[in-house]
Amino acid sequence: MPGLSAYLVVAALVFAIGLFGVLTRRNAVGILLGIELMLNAVNINLVAFAHLHGDVTGLLFALFTIAITVAEIAVGLAIVIVIFRVRRTIDADRLDLLRG
Amino acid sequence: MTAAIVGFWAVAVVLLAASLAVVLLPNLFHSVLFLAVALVATGVIFLFLEAPFLFGVQLLLYAGGVVVLVVFAIMLTERIVGQRIPQASHGLINGAIVATAVFIGVAGFLLQAGPAPAEKPSGGDTTVALGRAFLGPYAVPLELLGVLLVIALLGALYFARED
């Protein structure tokens, strides 16, 4: 089995890639995809540490994050669809109603 | 032993390539397909970490549920007006700088942290241990999670309803 640091490096790379996607995508759905990647990287870390310590608590937290992510994506996509109905665009740069 | 390491790095390369495709491809629909690949690769990494139950959950919830939801959202938001929305990314250089800085920060912390302590054996099937934990000390959080899912799905329905 590869060591802990291998998992952590892979997870950090996936997290950085997801962050890049969140920062550069202008489509709201694309931003949500980047957030998915970032949360996925966090799960890899949780499971890797659970494996290292032989403790099941990390797996529990990974399961909780997975379920909460599903709830988040459902609500997020519903919001995207409502925004699209009202504004006819999901370009994040043009959704600036709350900008002062 | 070495076969497991080669297999892990093969899966890791697939995961990283699919992740890059998710954030870089101009067509958002292709991005979602590569997101499915990345999520399945993550599930295989869970298998390497002796967590087969999480592999199943990953396939069912992420690769099954989330990908279908996102595909629906793309279909609904791209096809209503009949014209394709441009998926142009911008600020690529700034985004790359920030993402690289975050990665260097995490990697620097890893280098500074020194070698990991020795692995402790998990002692048997993690799925059995997970089930016992969910019905024992973590029963209340599990029920709250169920309530949260119901609330989230009702909220999504409320937002997306026709009125």
# chains A, B, ... in the order shown; residues from 1 in each chain; ligands from 1

call {"tool": "interface_residues", "arguments": {"of": "chain A", "to": "chain B", "cutoff": "6 Å", "atoms": "only C-alpha atoms", "output": "ChimeraX atom specification"}}
result
/A:1-2,16,19-21,23-26,52-54,71,75,78

call {"tool": "select_by_dssp", "arguments": {"residues": "chain A", "states": "helix (DSSP H, G or I)", "output": "PyMOL selection string"}}
result
chain A and resi 4-24+28-53+57-87+92-94

call {"tool": "atom_distance", "arguments": {"atom1": "CA of Phe109 in chain B", "atom2": "CA of Gly58 in chain A"}}
result
20.7 Å

call {"tool": "closest_residue", "arguments": {"among": "B:Ala41, B:His30, B:Leu25, B:Gly136", "to": "Val14 in chain A", "atoms": "only C-alpha atoms"}}
result
B:Ala41

call {"tool": "closest_residue", "arguments": {"among": "A:Val82, A:Ala74, A:Leu98, A:Leu60", "to": "Arg132 in chain B", "atoms": "only C-alpha atoms"}}
result
A:Leu60
